[in-house]
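To keep things clear, I will list the structure first and then write my remarks on it.
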Amino acid sequence: MRIISTIKNLLTSKKILNKKLHPTPYFLKNLPTDTFTLSTTYKKIQQLQPQANYLQNKNTLLDFTKQLQEKQIIDDHEKIALHFLIKKSKKIDFKSFNAFAHQKNLNKKMQKLLMKSIHKLQMIHYITSHSS
């Protein structure tokens, strides 16, 4: 009983509530602070100046994928996958691209490559449309 009453007294005591904060220990003062560094690929994407209408037709999107490959943002396999997707897809939009990539008649390796390429293209589209 005595222990419980002591704990209650400590918890309700103003000494605990008014306790001063301890200064930062010495070993924590010398640690480096966290920093955020943009990747080189992200910087390359930010520097792109794509035409506002590169998703308007197949030719402009094909030219844009060539530009992405020249800047080493996408590799040869992703470029080939995107060219295949652009030529086979009914419409030039991300909804149609995703629907095409999930078709059952494509093998699993091709589906994974198409999905990776579509996600990268969506990321590029997002970054270029939101960067100033």
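Numbering starts fresh at 1 for the residues of each chain in the structure tokens, the chains themselves are lettered A, B, ... in the order given, and ligands are numbered from 1 as they appear.
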Q: Write out as a PyMOL selection string which residues come within 12 Å of Asp93 in chain A when counting only C-alpha atoms, dropping same-chain ones fewer than 5 positions away.
A: chain A and resi 53-58+61+85-86+98-100+118+121-122+125
For Phe97 in chain A: contacts at 12 Å, only C-alpha atoms, fewer than 4 positions along chain excluded, given as a PDB file with N, CA, C and O atoms, in the first residue's frame:
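What landed in result.pdb:
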ATOM      1  N   LEU A  55       1.488  14.041 -74.447  1.00  0.00           N
ATOM      2  CA  LEU A  55       0.548  12.930 -74.331  1.00  0.00           C
ATOM      3  C   LEU A  55      -0.616  13.054 -75.323  1.00  0.00           C
ATOM      4  O   LEU A  55      -1.575  12.318 -75.233  1.00  0.00           O
ATOM      5  N   ALA A  81       9.705  -1.055 -74.275  1.00  0.00           N
ATOM      6  CA  ALA A  81       8.395  -1.360 -73.688  1.00  0.00           C
ATOM      7  C   ALA A  81       7.410  -0.215 -73.924  1.00  0.00           C
ATOM      8  O   ALA A  81       6.247  -0.450 -74.270  1.00  0.00           O
ATOM      9  N   LEU A  82       7.878   1.026 -73.746  1.00  0.00           N
ATOM     10  CA  LEU A  82       6.995   2.170 -73.970  1.00  0.00           C
ATOM     11  C   LEU A  82       6.617   2.306 -75.443  1.00  0.00           C
ATOM     12  O   LEU A  82       5.467   2.622 -75.763  1.00  0.00           O
ATOM     13  N   HIS A  83       7.547   2.053 -76.340  1.00  0.00           N
ATOM     14  CA  HIS A  83       7.226   2.111 -77.775  1.00  0.00           C
ATOM     15  C   HIS A  83       6.203   1.039 -78.131  1.00  0.00           C
ATOM     16  O   HIS A  83       5.261   1.304 -78.878  1.00  0.00           O
ATOM     17  N   PHE A  84       6.373  -0.167 -77.591  1.00  0.00           N
ATOM     18  CA  PHE A  84       5.409  -1.243 -77.805  1.00  0.00           C
ATOM     19  C   PHE A  84       4.040  -0.834 -77.265  1.00  0.00           C
ATOM     20  O   PHE A  84       3.014  -1.007 -77.934  1.00  0.00           O
ATOM     21  N   LEU A  85       4.032  -0.272 -76.074  1.00  0.00           N
ATOM     22  CA  LEU A  85       2.783   0.157 -75.434  1.00  0.00           C
ATOM     23  C   LEU A  85       2.095   1.256 -76.237  1.00  0.00           C
ATOM     24  O   LEU A  85       0.882   1.209 -76.453  1.00  0.00           O
ATOM     25  N   ILE A  86       2.870   2.224 -76.695  1.00  0.00           N
ATOM     26  CA  ILE A  86       2.303   3.345 -77.449  1.00  0.00           C
ATOM     27  C   ILE A  86       1.688   2.857 -78.756  1.00  0.00           C
ATOM     28  O   ILE A  86       0.594   3.283 -79.142  1.00  0.00           O
ATOM     29  N   LYS A  87       2.361   1.947 -79.420  1.00  0.00           N
ATOM     30  CA  LYS A  87       1.872   1.454 -80.708  1.00  0.00           C
ATOM     31  C   LYS A  87       0.658   0.544 -80.559  1.00  0.00           C
ATOM     32  O   LYS A  87      -0.221   0.538 -81.409  1.00  0.00           O
ATOM     33  N   LYS A  88       0.578  -0.224 -79.474  1.00  0.00           N
ATOM     34  CA  LYS A  88      -0.502  -1.196 -79.298  1.00  0.00           C
ATOM     35  C   LYS A  88      -1.709  -0.652 -78.536  1.00  0.00           C
ATOM     36  O   LYS A  88      -2.793  -1.188 -78.647  1.00  0.00           O
ATOM     37  N   SER A  89      -1.521   0.400 -77.767  1.00  0.00           N
ATOM     38  CA  SER A  89      -2.615   0.937 -76.955  1.00  0.00           C
ATOM     39  C   SER A  89      -3.620   1.684 -77.827  1.00  0.00           C
ATOM     40  O   SER A  89      -3.264   2.314 -78.820  1.00  0.00           O
ATOM     41  N   LYS A  90      -4.897   1.596 -77.435  1.00  0.00           N
ATOM     42  CA  LYS A  90      -5.961   2.249 -78.205  1.00  0.00           C
ATOM     43  C   LYS A  90      -5.910   3.769 -78.049  1.00  0.00           C
ATOM     44  O   LYS A  90      -6.120   4.496 -79.006  1.00  0.00           O
ATOM     45  N   LYS A  91      -5.664   4.225 -76.820  1.00  0.00           N
ATOM     46  CA  LYS A  91      -5.607   5.660 -76.525  1.00  0.00           C
ATOM     47  C   LYS A  91      -4.264   5.989 -75.893  1.00  0.00           C
ATOM     48  O   LYS A  91      -3.581   5.129 -75.358  1.00  0.00           O
ATOM     49  N   ILE A  92      -3.922   7.264 -75.938  1.00  0.00           N
ATOM     50  CA  ILE A  92      -2.687   7.734 -75.308  1.00  0.00           C
ATOM     51  C   ILE A  92      -3.063   8.397 -73.979  1.00  0.00           C
ATOM     52  O   ILE A  92      -3.209   9.614 -73.883  1.00  0.00           O
ATOM     53  N   ASP A  93      -3.278   7.558 -72.978  1.00  0.00           N
ATOM     54  CA  ASP A  93      -3.493   8.036 -71.615  1.00  0.00           C
ATOM     55  C   ASP A  93      -3.117   6.918 -70.648  1.00  0.00           C
ATOM     56  O   ASP A  93      -2.986   5.760 -71.031  1.00  0.00           O
ATOM     57  N   ALA A 101      -1.450  -3.066 -70.048  1.00  0.00           N
ATOM     58  CA  ALA A 101      -0.382  -3.793 -69.345  1.00  0.00           C
ATOM     59  C   ALA A 101      -0.922  -4.945 -68.508  1.00  0.00           C
ATOM     60  O   ALA A 101      -0.188  -5.885 -68.217  1.00  0.00           O
ATOM     61  N   HIS A 102      -2.184  -4.906 -68.131  1.00  0.00           N
ATOM     62  CA  HIS A 102      -2.775  -5.972 -67.321  1.00  0.00           C
ATOM     63  C   HIS A 102      -3.473  -7.041 -68.150  1.00  0.00           C
ATOM     64  O   HIS A 102      -4.170  -7.890 -67.602  1.00  0.00           O
ATOM     65  N   GLN A 103      -3.296  -7.016 -69.448  1.00  0.00           N
ATOM     66  CA  GLN A 103      -3.914  -8.044 -70.289  1.00  0.00           C
ATOM     67  C   GLN A 103      -3.311  -9.407 -69.978  1.00  0.00           C
ATOM     68  O   GLN A 103      -2.123  -9.536 -69.714  1.00  0.00           O
ATOM     69  N   GLN A 111       4.698  -7.910 -68.664  1.00  0.00           N
ATOM     70  CA  GLN A 111       3.783  -7.134 -67.828  1.00  0.00           C
ATOM     71  C   GLN A 111       4.542  -6.323 -66.782  1.00  0.00           C
ATOM     72  O   GLN A 111       4.247  -5.148 -66.566  1.00  0.00           O
ATOM     73  N   LEU A 114       6.311  -3.444 -68.502  1.00  0.00           N
ATOM     74  CA  LEU A 114       5.348  -2.407 -68.888  1.00  0.00           C
ATOM     75  C   LEU A 114       4.888  -1.611 -67.674  1.00  0.00           C
ATOM     76  O   LEU A 114       4.822  -0.372 -67.726  1.00  0.00           O
ATOM     77  N   MET A 115       4.587  -2.297 -66.585  1.00  0.00           N
ATOM     78  CA  MET A 115       4.142  -1.593 -65.379  1.00  0.00           C
ATOM     79  C   MET A 115       5.244  -0.687 -64.836  1.00  0.00           C
ATOM     80  O   MET A 115       4.977   0.445 -64.435  1.00  0.00           O
ATOM     81  N   LYS A 116       6.473  -1.167 -64.836  1.00  0.00           N
ATOM     82  CA  LYS A 116       7.606  -0.348 -64.377  1.00  0.00           C
ATOM     83  C   LYS A 116       7.749   0.885 -65.260  1.00  0.00           C
ATOM     84  O   LYS A 116       7.947   2.001 -64.773  1.00  0.00           O
ATOM     85  N   SER A 117       7.624   0.697 -66.564  1.00  0.00           N
ATOM     86  CA  SER A 117       7.773   1.811 -67.503  1.00  0.00           C
ATOM     87  C   SER A 117       6.626   2.806 -67.369  1.00  0.00           C
ATOM     88  O   SER A 117       6.835   4.022 -67.426  1.00  0.00           O
ATOM     89  N   ILE A 118       5.414   2.298 -67.179  1.00  0.00           N
ATOM     90  CA  ILE A 118       4.248   3.184 -66.998  1.00  0.00           C
ATOM     91  C   ILE A 118       4.397   3.983 -65.716  1.00  0.00           C
ATOM     92  O   ILE A 118       4.155   5.200 -65.706  1.00  0.00           O
ATOM     93  N   HIS A 119       4.806   3.331 -64.635  1.00  0.00           N
ATOM     94  CA  HIS A 119       4.985   4.053 -63.363  1.00  0.00           C
ATOM     95  C   HIS A 119       6.053   5.131 -63.487  1.00  0.00           C
ATOM     96  O   HIS A 119       5.889   6.242 -62.965  1.00  0.00           O
ATOM     97  N   LEU A 121       6.887   6.689 -66.271  1.00  0.00           N
ATOM     98  CA  LEU A 121       6.319   7.753 -67.102  1.00  0.00           C
ATOM     99  C   LEU A 121       5.335   8.602 -66.300  1.00  0.00           C
ATOM    100  O   LEU A 121       5.305   9.825 -66.447  1.00  0.00           O
ATOM    101  N   GLN A 122       4.542   7.973 -65.434  1.00  0.00           N
ATOM    102  CA  GLN A 122       3.623   8.726 -64.580  1.00  0.00           C
ATOM    103  C   GLN A 122       4.388   9.622 -63.614  1.00  0.00           C
ATOM    104  O   GLN A 122       3.997  10.773 -63.383  1.00  0.00           O
TER     105      GLN A 122
END
**Q.** Point-to-point distance from CA of Leu68 in chain A to CA of Lys95 in chain A, Å rounded to tenths
**A.**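 Here the two named atoms are 21.1 Å from each other.
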(Q) As an exercise, work out the distance from CA of Thr37 in chain A to CA of Thr65 in chain A in Å and give it to one decimal place. (A)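 According to the coordinates, CA of Thr37 in chain A and CA of Thr65 in chain A are separated by 26.1 Å.
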Q: Enter the distance from CA of Phe94 in chain A to CA of Thr41 in chain A, in Å, rounded to one decimal.
A: 21.5 Å
Q: Go through range 29-86 of chain A and collect every residue that DSSP, computed from the backbone, puts in helix (DSSP H, G or I); the answer should be as a VMD selection string.
A: chain A and resid 29 40 to 47 58 to 70 76 to 86
